[in-house]
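Working notes, beginning with the structure itself.
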Amino acid sequence: MNSLIDRRLNGRNKSAVNRERFLRRYKDQIRKAVHGMIRDRSIQDMDQGGEINLPVRDISEPTFHHGQGGDREMVHPGNREFAKGDTFDRPQGGQGEGGSEPGEGESVDQFTFSLSRAEFLNLFFEDLELPHMARTQLGEVSQKKWQRAGYTTSGSPSMLSISRTLKSSLARRVALGVKARADLEDAEERLAKAREVGAPADEIRALEQEVEDCRERLARVPFLDDLDLRYRNRVSVSIPMARAVMFCLMDVSGSMDEGKKDLAKRFFSLLYLFLSRKYEHVDLVFIRHTDNAEEVDEQTFFYDPKSGGTIVLSALELMREILEKRYPPGSWNVYAAQASDGDSFGADAGKSARFLAEHLLPATRYFAYIEVPDSQEARKSSLWAEYEQKLEPHFVMRRICERSEIFPVFHDLFKKETA
């Protein structure tokens, strides 16, 4: 029988076990509250935790209690307003769910629960994934692989490296024989001089014995020692089974006012948080464009106030150039998300749609176009009309006019694939 002991440290007046049980039991209610928080947050605070309010009626549980018991007889007066089986509304008045004034009807109290950053992101993105990713195991984007990691002094005989062992043995024998070899050379040199000058026989025999002792000292250094053994070392590392890159293309031209840019940046903020939280091996490439496109870093993409004219084709051409240099489609799962108000002048819309269909859609697994018009009733832009003619299964288009529409659209674009 196995016993699990939870030794995580709890904060004052908190219990990790009770907290997890609460999150698991009321996940649906908490997730609805979390989705509503995105609408009112700033971009900088998009990934922070926070407090959520849950109506008490959503977390109430049935209870058992003793009834009054016995036989009871009651007389109810008739009325002209209601008949048997009618339902009637709760008395109106008060301050909504948060409270009410005396005598103004009933209200429902709210339960406040604080979420950490990790809990917030887990609840927000747990049912999303990159669609159409090529992989060898469902639901996984990495696998374990044995990789060489140098040599070690212990291991199995089958992993013994003979060449490395002999090199280590040679280095040890050279190091240990330095003194004996120097003494041997000195003794041999003195013996040769003694024989040249005709030294006495006793002196020559003593020098010959010294030479023999030095040779024995060298011979006592073992050819192979346990310290010389070297085994090939292998470690298990996590490698990507399917590498992916996401291109974020945003229109920052003059027609994109602050409200439209805010909607586009909020969408890309969710996309950035989703990828960085959900996947370990996904590269992000940020491209913004006016009448010319440029690749920028995250800080510039979200906070730089640049503006200008509109040429959508420049962003698509830059994306293709980066693909050819750094992300060949044969080795990478390529994704792209483009946000624009669709205002494109002259032949730019047609050229962009043709370039997208001929060069980018065949190389991407998923391409999402997000349009931010002035209102829901606004007519479709020229870019939307041209893109609409190039629709493919992995090319989708959506419109976002208000903050409340961002997450539903995002969830629809990146919902998990059904088996």
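Letters A, B, ... go to the chains of the structure tokens in the order shown; residues in each chain start at 1; ligands are counted from 1 in the same order.
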Query - Test item: residues at most 10 Å from Leu356 (chain A), only C-alpha atoms, excluding those fewer than 6 positions along its chain, as a PyMOL selection string - result: chain A and resi 313+316-317+320+350+362-363+367+387+390
**Report entry** Within 9 Å of Ile162 (chain A) using only C-alpha atoms, minus same-chain residues under 6 positions, as a PyMOL selection string
**Finding:** chain A and resi 229-231
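You can rank A:Ala347, A:Met246, A:Ala194, A:Ala206 by their closest distance to Tyr366 (chain A) using only C-alpha atoms, and at the top of that list sits A:Met246.
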Query - Residue set, region 118-349 of chain A restricted to strand (DSSP E or B), as a ChimeraX atom specification - result: /A:128,142-152,160,231-240,244-251,282-289,293-296,333-340
Report task. For CA of Asp262 (chain A) and CA of Asp348 (chain A), determine how far apart the two atoms are, in Å to one decimal place. Result -> 24.5 Å
Query raised in the report: Nearest to Glu392 (chain A): which of A:Gly177, A:Ala192, A:Lys416, A:Arg365 is it, counting only C-alpha atoms?
Result: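 The answer is A:Arg365, which sits nearest to Glu392 (chain A).
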Report task. Find the residues near Asp291 (chain A): any atom within 9 Å, counting only C-alpha atoms, skip ones fewer than 5 places away on the same chain, and give them as a ChimeraX atom specification. Result -> /A:253,308-314
Expected file: the selected residues, C-alpha atoms, as a short mmCIF file (atom, residue, chain, number, x, y, z; two decimals), in the first residue's frame:
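What ended up in out_19.cif:
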data_model
loop_
_atom_site.label_atom_id
_atom_site.label_comp_id
_atom_site.auth_asym_id
_atom_site.auth_seq_id
_atom_site.Cartn_x
_atom_site.Cartn_y
_atom_site.Cartn_z
CA SER A 253 -0.81 52.07 -39.95
CA GLY A 308 2.21 55.36 -41.17
CA GLY A 309 0.72 54.14 -44.45
CA THR A 310 -0.58 50.66 -45.26
CA ILE A 311 1.01 48.03 -47.49
CA VAL A 312 0.03 44.55 -46.28
CA LEU A 313 2.14 42.80 -48.91
CA SER A 314 5.36 44.00 -47.26
#
Requested in this report: List every residue of region 195-237 of chain A that DSSP, applied to the backbone of this structure, places in alpha helix (DSSP H), and write the result as a count of residues only.
Outcome: 22
Query raised in the report: Suppose you want the space between CA of Ser169 (chain A) and CA of Leu224 (chain A); what is it in Å?
Result: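 We find that CA of Ser169 (chain A) and CA of Leu224 (chain A) lie 5.8 Å from each other.
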Query raised in the report: Taking only C-alpha atoms into account, which of A:Pro373, A:Gly198, A:Pro157, A:Pro408 comes nearest Leu270 (chain A)?
Result: A:Pro408
Using only C-alpha atoms, which protein or nucleic acid residues come within 12 Å of Ile204 (chain A)? Drop anything in the same chain fewer than 2 positions from it, and give the result as a short mmCIF file (atom, residue, chain, number, x, y, z; two decimals) with N, CA and C atoms, in the first residue's frame.
data_model
loop_
_atom_site.label_atom_id
_atom_site.label_comp_id
_atom_site.auth_asym_id
_atom_site.auth_seq_id
_atom_site.Cartn_x
_atom_site.Cartn_y
_atom_site.Cartn_z
N ALA A 187 71.62 8.38 -14.34
CA ALA A 187 72.47 7.23 -14.00
C ALA A 187 73.15 6.65 -15.23
N GLU A 188 72.43 6.57 -16.36
CA GLU A 188 73.03 6.06 -17.59
C GLU A 188 74.13 6.98 -18.09
N GLU A 189 73.93 8.29 -17.94
CA GLU A 189 74.95 9.24 -18.36
C GLU A 189 76.21 9.10 -17.51
N ARG A 190 76.07 8.97 -16.18
CA ARG A 190 77.24 8.80 -15.30
C ARG A 190 77.94 7.47 -15.55
N LEU A 191 77.15 6.42 -15.88
CA LEU A 191 77.75 5.12 -16.17
C LEU A 191 78.58 5.17 -17.45
N ALA A 192 78.10 5.88 -18.45
CA ALA A 192 78.84 6.00 -19.70
C ALA A 192 80.15 6.75 -19.49
N LYS A 193 80.11 7.83 -18.70
CA LYS A 193 81.33 8.59 -18.43
C LYS A 193 82.33 7.76 -17.65
N ALA A 194 81.80 6.97 -16.69
CA ALA A 194 82.73 6.13 -15.89
C ALA A 194 83.42 5.10 -16.75
N ARG A 195 82.73 4.53 -17.71
CA ARG A 195 83.36 3.56 -18.59
C ARG A 195 84.37 4.21 -19.53
N GLU A 196 84.10 5.46 -19.91
CA GLU A 196 85.04 6.15 -20.80
C GLU A 196 86.37 6.45 -20.11
N VAL A 197 86.30 6.86 -18.86
CA VAL A 197 87.52 7.25 -18.13
C VAL A 197 88.18 6.05 -17.47
N GLY A 198 87.60 4.85 -17.59
CA GLY A 198 88.19 3.65 -16.99
C GLY A 198 88.09 3.64 -15.47
N ALA A 199 86.92 3.94 -14.96
CA ALA A 199 86.70 3.97 -13.50
C ALA A 199 86.87 2.56 -12.93
N PRO A 200 87.09 2.47 -11.61
CA PRO A 200 87.24 1.16 -10.96
C PRO A 200 85.99 0.30 -11.18
N ALA A 201 86.22 -1.02 -11.10
CA ALA A 201 85.12 -1.95 -11.34
C ALA A 201 84.02 -1.81 -10.31
N ASP A 202 84.34 -1.54 -9.05
CA ASP A 202 83.30 -1.38 -8.01
C ASP A 202 82.37 -0.21 -8.31
N ALA A 206 78.34 -0.34 -9.13
CA ALA A 206 77.38 0.46 -8.37
C ALA A 206 76.49 1.28 -9.30
N LEU A 207 77.10 1.85 -10.35
CA LEU A 207 76.31 2.63 -11.30
C LEU A 207 75.36 1.73 -12.10
N GLU A 208 75.85 0.54 -12.48
CA GLU A 208 74.97 -0.39 -13.18
C GLU A 208 73.79 -0.81 -12.32
N GLN A 209 74.04 -1.01 -11.00
CA GLN A 209 72.95 -1.35 -10.10
C GLN A 209 71.95 -0.20 -9.97
N GLU A 210 72.46 1.03 -9.97
CA GLU A 210 71.57 2.20 -9.90
C GLU A 210 70.70 2.29 -11.14
N VAL A 211 71.28 2.03 -12.32
CA VAL A 211 70.51 2.04 -13.56
C VAL A 211 69.44 0.97 -13.52
#
